[in-house]
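Novice: Pasting a structure below so you can have a look.
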Amino acid sequence: MVSSRPAIACILLSLSVAVCAHAQSPTKEQPGSISGRVTFKSKGLAGVVVVAVPNNYSGGSEGRPRYRATTDDEGNYRISDVPAGNYVAYPLAPALAVDIADAQPVLTIATGQALRDVNFAMMRGGVITGRITNADGQPLVEESVSVAAVDPPRYYPTYNFRGIHTDDRGVYRAFGLRPGKYRVSVGQQKGLPGFTQQTTRQTFYPSVTEIDKATVIEVTEGSEAVDINIVAAGLHSTFSVSGRIIDSAGTPVPGASLGIHQSDGNSSMSSTGGNATNSKGEFKIQNVLPGKYTLFFAPPENSDLRADPIEFEVIDSDLTGLEFKTKRGASLSGMVVVEGPYETSLAALFKGLRVFVALDNTKFDFETGPRSVEIGPDGSFRMVGIGSGNARLNFLYSDDSQAEKFEIQHLEQNGTLLPSGISIKEGEQVTGLRLVVKYLKLTGVMRGVVKIENGELSPDARVLVWVTPADPSRAARISPPSPQVDSRGQFLLERLAAGTYDVRAALVEPGGRRLGPTSPKQVVVVADNTVTDVTLTIKLKP
């Protein structure tokens with residue numbers, strides 16, 4: 001997903017793209033279907049289950065919808081009753097691998113559309129197996145083993161990765177691997193207290209701790225690499241971090257929760273809970289790996305206390321004497337006001353909806369204190385424990401909320417517009433806020449296809465389509481996701497607000513570098529309860 005407007009402007013420079021768009025009202029929401037054939041050495045595979053899962057599903061794995069079918073005696077399958085959307089389809093054949101030339105990672109299905117010839121040519125997967133032991137030769141039991149592709153193909157389905165663990169002998173076996181080069185390792189390089197106990201230091205085959213010294217294993221179709229054994233480097237040295245939390249008068253704060261955050265520039269991790277002060281306001285965090293961390297105060301939602309985060313580094317010993325001093329935070333209270341028509345009661349609109357505050361120029365997201373609060377049935381809200389600075393209000397998005405159905409028009413206080421946000425002083429009680437929003441139906445649909453003319457795509461190229469509101473001021477408030485373009489050049493973007501959009505397309509490398517000039521801006525009008533068809537034609541040569 002690409003959301004940076006400057007990045008879009010840089011990528012899209014001068015591709016010749018012709019766009020034809022028209023809209024039609026949908027008749028009835030008809031499900032689609034996916035059909036094809038699963039083969040092994042050109043012969044149909046019977047009894048193989050093929051599944052399709054939504055590619056943009058954000059819920060937990062247990063609730064992830066799955067649509068499936070089983071191949072017949074000729075290897076044919078048909079998955080019926082598939083709602084419109086973007087999907088990943090794959091066969092459940094763990095010992096086999098899908099030929100990468102036949103991999104179709106993303107499938108776009110429009111309402112009532114039947115996708116045919118979604119075929120899977122299978123091959124016998126490769127195997128890597130070995131034994132994990134400690135320095136004394138004892139097996140590491142139920143230890144997680146990583147078998148990672150050195151240079152995964154552009155479309156590398158996540159379903160090919162499954163948990164690999166050692167058995168009671170310390171033996172692991174990774175199977176169903178695609179041909180390619182792999183690194184095998186055990187243990188981990190970093191981790192947060194609470195998630196990290198006495199963990200094994202990351203060790204690569206052949207028993208080295210530096211990734212550049214790891215031996216690369218070549219896997220071919222049906223091959224088996226044996227005796228890929230690793231002597232683990234031992235357990236991480238972990239330490240403890242302790243201190244106390246007091247209020248402004250020096251009185252201990254018992255039962256206060258803490259969170260811990262770690263970032264190395266490439267990734268970040270945070271955790272809260274499990275670390276609370278005792279009756280004397282003291283805390284102690286065990287199993288802390290060497291590294292740089294930020295400890296932050298995590299009070300309950302209705303607490304008006306806050307504290308500045310503490311940055312620290314653990315090197316080779318326990319760390320003591322950290323001290324949080326709490327203070328009364330600021331509060332914000334007001335109303336969310338809906339302009340324009342809406343089809344249900346305010347209480348139903350606001351059910352489960354939360355408003356959150358973000359402070360400008362803060363180093364950490366958690367510096368604001370309790371950042372969100374549920375909106376009342378009448379639209380009222382009050383947040384406490386907020387830090388000082390320039391604050392902005394927005395909605396907290398979640399799978400079961402209505403947040404995405406509101407477009408913020410403006411923020412005001414006692415009749416005065418606040419276009420740049422709210423200036424909050426330390427401990428200030430801010431009242432009289434009105435967050436004025438517009439209700440959106442989000443029933444518009446854009447269905448499109450990207451055609452390539454005057455040449456063929458290179459293996460490293462991929463097609464990106466950007467859809468942005470034509471009104472720049474609205475673009476800052478509504479940002480539709482970039483639709484995924486499947487292997488047939490089709491894309492589908494649902495839940496669009498009615499309005500005028502700019503649609504553009506380009507060819508880029510997997511890393512985002514452009515492979516051609518820009519497309520001219522095209523204007524497409526989307527209406528409620530309407531499907532708008534768009535055809536983009538990219539000419540590789542003038």
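Residues are named by chain letter and number: chains run A, B, ... in the order of the structure tokens, numbers start at 1 in each chain, and ligands are numbered from 1 in the order shown.
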Set the distance at 6 Å and use only C-alpha atoms: which residues neighbour range 89-99 of chain A once local chain neighbours fewer than 2 positions away are removed? I'd like the list as a VMD selection string.

Specialist: chain A and resid 49 to 52 101 to 102 121 to 125 175 to 176 178

Novice: Can you list, as a PDB file with N, CA, C and O atoms, in the first residue's frame, all residues belonging to range 425-503 of chain A that DSSP tags as alpha helix (DSSP H)?

Specialist:
```pdb
ATOM      1  N   PRO A 472      -7.639  18.594  -3.157  1.00  0.00           N
ATOM      2  CA  PRO A 472      -6.475  18.408  -2.277  1.00  0.00           C
ATOM      3  C   PRO A 472      -6.828  18.469  -0.800  1.00  0.00           C
ATOM      4  O   PRO A 472      -6.255  17.735   0.007  1.00  0.00           O
ATOM      5  N   SER A 473      -7.768  19.341  -0.423  1.00  0.00           N
ATOM      6  CA  SER A 473      -8.129  19.445   0.984  1.00  0.00           C
ATOM      7  C   SER A 473      -8.818  18.176   1.465  1.00  0.00           C
ATOM      8  O   SER A 473      -8.681  17.761   2.621  1.00  0.00           O
ATOM      9  N   ARG A 474      -9.552  17.535   0.570  1.00  0.00           N
ATOM     10  CA  ARG A 474     -10.219  16.288   0.934  1.00  0.00           C
ATOM     11  C   ARG A 474      -9.240  15.122   0.932  1.00  0.00           C
ATOM     12  O   ARG A 474      -9.408  14.162   1.664  1.00  0.00           O
ATOM     13  N   ALA A 475      -8.206  15.218   0.109  1.00  0.00           N
ATOM     14  CA  ALA A 475      -7.216  14.151   0.045  1.00  0.00           C
ATOM     15  C   ALA A 475      -6.515  13.969   1.381  1.00  0.00           C
ATOM     16  O   ALA A 475      -6.091  12.873   1.733  1.00  0.00           O
TER      17      ALA A 475
END
```

Novice: Please provide as a PyMOL selection string all residues within 7 Å of range 140-154 of chain A, with the sequence filter that same-chain residues fewer than 6 positions apart are discarded (counting only C-alpha atoms).

Specialist: chain A and resi 132-134+164-170+181-186+510

Novice: Would you mind listing, for every residue of range 428-494 of chain A within 10 Å of range 341-345 of chain A, the two atoms forming the shortest contact and the distance between them in Å to one decimal, using only C-alpha atoms, sorted by chain and ascending residue number, as CSV?

Specialist:
```
residue,atom,partner,partner_atom,distance
A:Lys438,CA,A:Pro341,CA,8.6
A:Tyr439,CA,A:Tyr342,CA,6.4
A:Leu440,CA,A:Tyr342,CA,8.2
A:Lys441,CA,A:Tyr342,CA,8.4
```

Novice: Store the residues picked out above, limited to N, CA, C and O atoms, as an mmCIF file, in the first residue's frame.

Specialist:
```
data_model
loop_
_atom_site.group_PDB
_atom_site.id
_atom_site.type_symbol
_atom_site.label_atom_id
_atom_site.label_comp_id
_atom_site.auth_asym_id
_atom_site.auth_seq_id
_atom_site.Cartn_x
_atom_site.Cartn_y
_atom_site.Cartn_z
ATOM 1 N N LYS A 438 -18.684 14.621 8.614
ATOM 2 C CA LYS A 438 -19.675 14.312 7.583
ATOM 3 C C LYS A 438 -19.812 12.802 7.493
ATOM 4 O O LYS A 438 -18.813 12.080 7.465
ATOM 5 N N TYR A 439 -21.055 12.323 7.454
ATOM 6 C CA TYR A 439 -21.295 10.897 7.348
ATOM 7 C C TYR A 439 -21.146 10.455 5.894
ATOM 8 O O TYR A 439 -21.669 11.089 4.973
ATOM 9 N N LEU A 440 -20.393 9.365 5.694
ATOM 10 C CA LEU A 440 -20.166 8.831 4.356
ATOM 11 C C LEU A 440 -20.828 7.462 4.236
ATOM 12 O O LEU A 440 -20.733 6.637 5.149
ATOM 13 N N LYS A 441 -21.456 7.223 3.110
ATOM 14 C CA LYS A 441 -22.087 5.919 2.907
ATOM 15 C C LYS A 441 -21.074 4.820 2.595
ATOM 16 O O LYS A 441 -21.269 3.668 2.944
#
```

Novice: Skipping near chain neighbours, those fewer than 4 positions away, what residues fall within 8 Å of Ser223 in chain A using only C-alpha atoms, listed as a list in words?

Specialist: Gly125, Gly126, Val127 and Val219 of chain A

Novice: With distances taken over only C-alpha atoms, which of A:Arg201, A:Arg306, A:Lys405, A:Arg434 is nearest to Gly329 in chain A?

Specialist: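 Closest residue, counting only C-alpha atoms: A:Arg306.
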
Novice: Name the closest residue to Ala249 in chain A among the candidates A:Ala348, A:Val531, A:Gln522, A:Arg328; distances are taken between atoms, counting only C-alpha atoms.

Specialist: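 So, comparing all the options, the nearest one is A:Arg328.
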
Novice: List the spatial neighbours of Ala233 in chain A as number ranges by chain - criterion: any atom at most 12 Å away, only C-alpha atoms, same-chain residues fewer than 5 positions off excluded.

Specialist: A: 132-137, 140, 185-189, 199-210

Novice: If we count only C-alpha atoms and set the cut-off at 9 Å, which residues sit around Asn414 in chain A, ignoring sequence neighbours fewer than 6 positions away in its own chain? Please answer as an MDAnalysis selection string.

Specialist: chainID A and resid 431:434

Novice: When distances are computed from only C-alpha atoms, which of A:Ala391, A:Val337, A:Val38, A:Leu305 shows the smallest separation from His410 in chain A?

Specialist: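 The closest residue to His410 in chain A is A:Val337.
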
Novice: Would you pick out the contacts of Glu323 in chain A at 12 Å or less, using only C-alpha atoms, so that residues sharing its chain but fewer than 3 positions from it are not included, and give the list as a tab-separated table (two decimals) with N, CA, C and O atoms, in the first residue's frame?

Specialist:
```tsv
chain	number	residue	atom	x	y	z
A	241	VAL	N	15.64	-4.66	35.11
A	241	VAL	CA	15.53	-3.20	35.18
A	241	VAL	C	14.53	-2.89	36.29
A	241	VAL	O	13.41	-3.43	36.28
A	242	SER	N	14.92	-2.05	37.23
A	242	SER	CA	14.04	-1.77	38.37
A	242	SER	C	14.03	-0.29	38.70
A	242	SER	O	14.91	0.47	38.31
A	243	GLY	N	12.99	0.11	39.42
A	243	GLY	CA	12.84	1.50	39.82
A	243	GLY	C	11.56	1.69	40.58
A	243	GLY	O	11.01	0.75	41.16
A	244	ARG	N	11.02	2.90	40.56
A	244	ARG	CA	9.78	3.17	41.27
A	244	ARG	C	9.01	4.28	40.58
A	244	ARG	O	9.56	5.01	39.74
A	245	ILE	N	7.74	4.39	40.94
A	245	ILE	CA	6.87	5.45	40.44
A	245	ILE	C	6.34	6.22	41.64
A	245	ILE	O	5.78	5.62	42.57
A	246	ILE	N	6.52	7.54	41.62
A	246	ILE	CA	6.02	8.39	42.69
A	246	ILE	C	5.22	9.53	42.09
A	246	ILE	O	5.35	9.84	40.89
A	247	ASP	N	4.38	10.16	42.92
A	247	ASP	CA	3.62	11.31	42.43
A	247	ASP	C	4.41	12.59	42.71
A	247	ASP	O	5.56	12.56	43.18
A	248	SER	N	3.80	13.73	42.44
A	248	SER	CA	4.50	15.01	42.57
A	248	SER	C	4.90	15.31	44.01
A	248	SER	O	5.83	16.09	44.26
A	250	GLY	N	6.00	12.95	46.04
A	250	GLY	CA	6.94	11.93	46.46
A	250	GLY	C	6.31	10.69	47.03
A	250	GLY	O	7.00	9.82	47.55
A	252	PRO	N	4.57	7.07	46.87
A	252	PRO	CA	4.58	5.95	45.92
A	252	PRO	C	3.22	5.76	45.25
A	252	PRO	O	2.17	5.98	45.85
A	253	VAL	N	3.25	5.31	44.00
A	253	VAL	CA	2.04	5.03	43.23
A	253	VAL	C	1.95	3.52	43.04
A	253	VAL	O	2.65	2.94	42.20
A	258	LEU	N	3.20	-0.45	33.46
A	258	LEU	CA	4.26	0.10	32.63
A	258	LEU	C	4.29	-0.62	31.30
A	258	LEU	O	3.89	-1.78	31.18
A	277	THR	N	3.61	-1.82	39.51
A	277	THR	CA	4.29	-1.48	40.76
A	277	THR	C	3.64	-2.19	41.94
A	277	THR	O	2.44	-2.48	41.94
A	281	GLY	N	5.23	1.20	45.26
A	281	GLY	CA	5.47	1.91	44.00
A	281	GLY	C	6.67	1.41	43.25
A	281	GLY	O	7.12	2.04	42.28
A	282	GLU	N	7.19	0.24	43.63
A	282	GLU	CA	8.40	-0.30	43.01
A	282	GLU	C	8.04	-1.25	41.87
A	282	GLU	O	7.03	-1.94	41.90
A	283	PHE	N	8.92	-1.30	40.87
A	283	PHE	CA	8.74	-2.24	39.77
A	283	PHE	C	10.08	-2.91	39.46
A	283	PHE	O	11.15	-2.36	39.74
A	284	LYS	N	10.00	-4.10	38.88
A	284	LYS	CA	11.20	-4.81	38.45
A	284	LYS	C	10.84	-5.63	37.22
A	284	LYS	O	9.92	-6.45	37.25
A	295	LEU	N	10.90	3.08	28.46
A	295	LEU	CA	9.90	2.65	29.43
A	295	LEU	C	8.86	3.74	29.55
A	295	LEU	O	9.20	4.93	29.68
A	296	PHE	N	7.57	3.38	29.47
A	296	PHE	CA	6.53	4.40	29.53
A	296	PHE	C	5.43	4.01	30.51
A	296	PHE	O	5.16	2.84	30.76
A	297	PHE	N	4.82	5.03	31.07
A	297	PHE	CA	3.74	4.91	32.04
A	297	PHE	C	2.46	4.58	31.29
A	297	PHE	O	2.11	5.24	30.30
A	307	ALA	N	3.09	10.57	32.89
A	307	ALA	CA	4.51	10.69	33.22
A	307	ALA	C	5.30	10.66	31.93
A	307	ALA	O	4.91	10.00	30.95
A	308	ASP	N	6.40	11.37	31.90
A	308	ASP	CA	7.25	11.38	30.72
A	308	ASP	C	7.97	10.04	30.61
A	308	ASP	O	8.40	9.47	31.62
A	309	PRO	N	8.14	9.51	29.39
A	309	PRO	CA	8.84	8.23	29.23
A	309	PRO	C	10.32	8.34	29.58
A	309	PRO	O	10.89	9.43	29.58
A	310	ILE	N	10.92	7.23	29.89
A	310	ILE	CA	12.33	7.17	30.25
A	310	ILE	C	13.07	6.29	29.24
A	310	ILE	O	12.69	5.15	29.00
A	311	GLU	N	14.11	6.82	28.64
A	311	GLU	CA	14.96	6.06	27.73
A	311	GLU	C	16.15	5.51	28.50
A	311	GLU	O	16.75	6.21	29.33
A	312	PHE	N	16.52	4.26	28.24
A	312	PHE	CA	17.65	3.67	28.94
A	312	PHE	C	18.29	2.61	28.04
A	312	PHE	O	17.72	2.19	27.03
A	319	LEU	N	20.04	-2.92	35.73
A	319	LEU	CA	19.88	-1.46	35.80
A	319	LEU	C	18.89	-1.15	36.92
A	319	LEU	O	17.79	-1.71	36.97
A	320	THR	N	19.28	-0.26	37.83
A	320	THR	CA	18.43	0.09	38.97
A	320	THR	C	18.26	1.60	39.04
A	320	THR	O	18.96	2.36	38.37
A	326	THR	N	4.91	11.08	38.37
A	326	THR	CA	3.64	11.34	37.71
A	326	THR	C	3.17	12.76	37.96
A	326	THR	O	3.59	13.42	38.91
```

Novice: Among range 209-310 of chain A, which ones does DSSP place in strand (DSSP E), written as a PyMOL selection string?

Specialist: chain A and resi 217-219+224-225+230-231+239-246+257-263+268-276+282-288+291-297+305-306+310

Novice: Calculate how many Å separate CA of Val463 in chain A from CA of Gly489 in chain A, rounding to one decimal.

Specialist: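 According to the coordinates, CA of Val463 in chain A and CA of Gly489 in chain A are separated by 7.8 Å.
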
Novice: How many Å lie between CA of Lys521 in chain A and CA of Val465 in chain A, rounded to one decimal?

Specialist: 11.7 Å

Novice: For range 443-476 of chain A against range 108-112 of chain A, with a cut-off of 10 Å and counting only C-alpha atoms, what is the closest atom pair and its distance in Å to one decimal for every residue that makes the cut, ordered by chain and number, as a tab-separated table?

Specialist:
```
residue	atom	partner	partner_atom	distance
A:Val445	CA	A:Ala110	CA	9.7
A:Met446	CA	A:Ala110	CA	9.8
A:Arg447	CA	A:Ala110	CA	7.2
A:Gly448	CA	A:Ala110	CA	9.5
```

Novice: Would you save the residues of that selection, restricted to C-alpha atoms, as a PDB file, in the first residue's frame?

Specialist:
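What landed in selection-v2.pdb:
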```pdb
ATOM      1  CA  VAL A 445     -17.025   0.759  -6.072  1.00  0.00           C
ATOM      2  CA  MET A 446     -14.246   1.229  -8.623  1.00  0.00           C
ATOM      3  CA  ARG A 447     -13.564  -1.778 -10.833  1.00  0.00           C
ATOM      4  CA  GLY A 448     -10.755  -1.579 -13.322  1.00  0.00           C
TER       5      GLY A 448
END
```

Novice: Identify which of the residues A:Gln490, A:Asn76, A:Thr468, A:Ser372 lies closest to Gln113 in chain A, counting only C-alpha atoms when measuring atom-to-atom distances.

Specialist: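 For Gln113 in chain A, the nearest of the given residues is A:Gln490.
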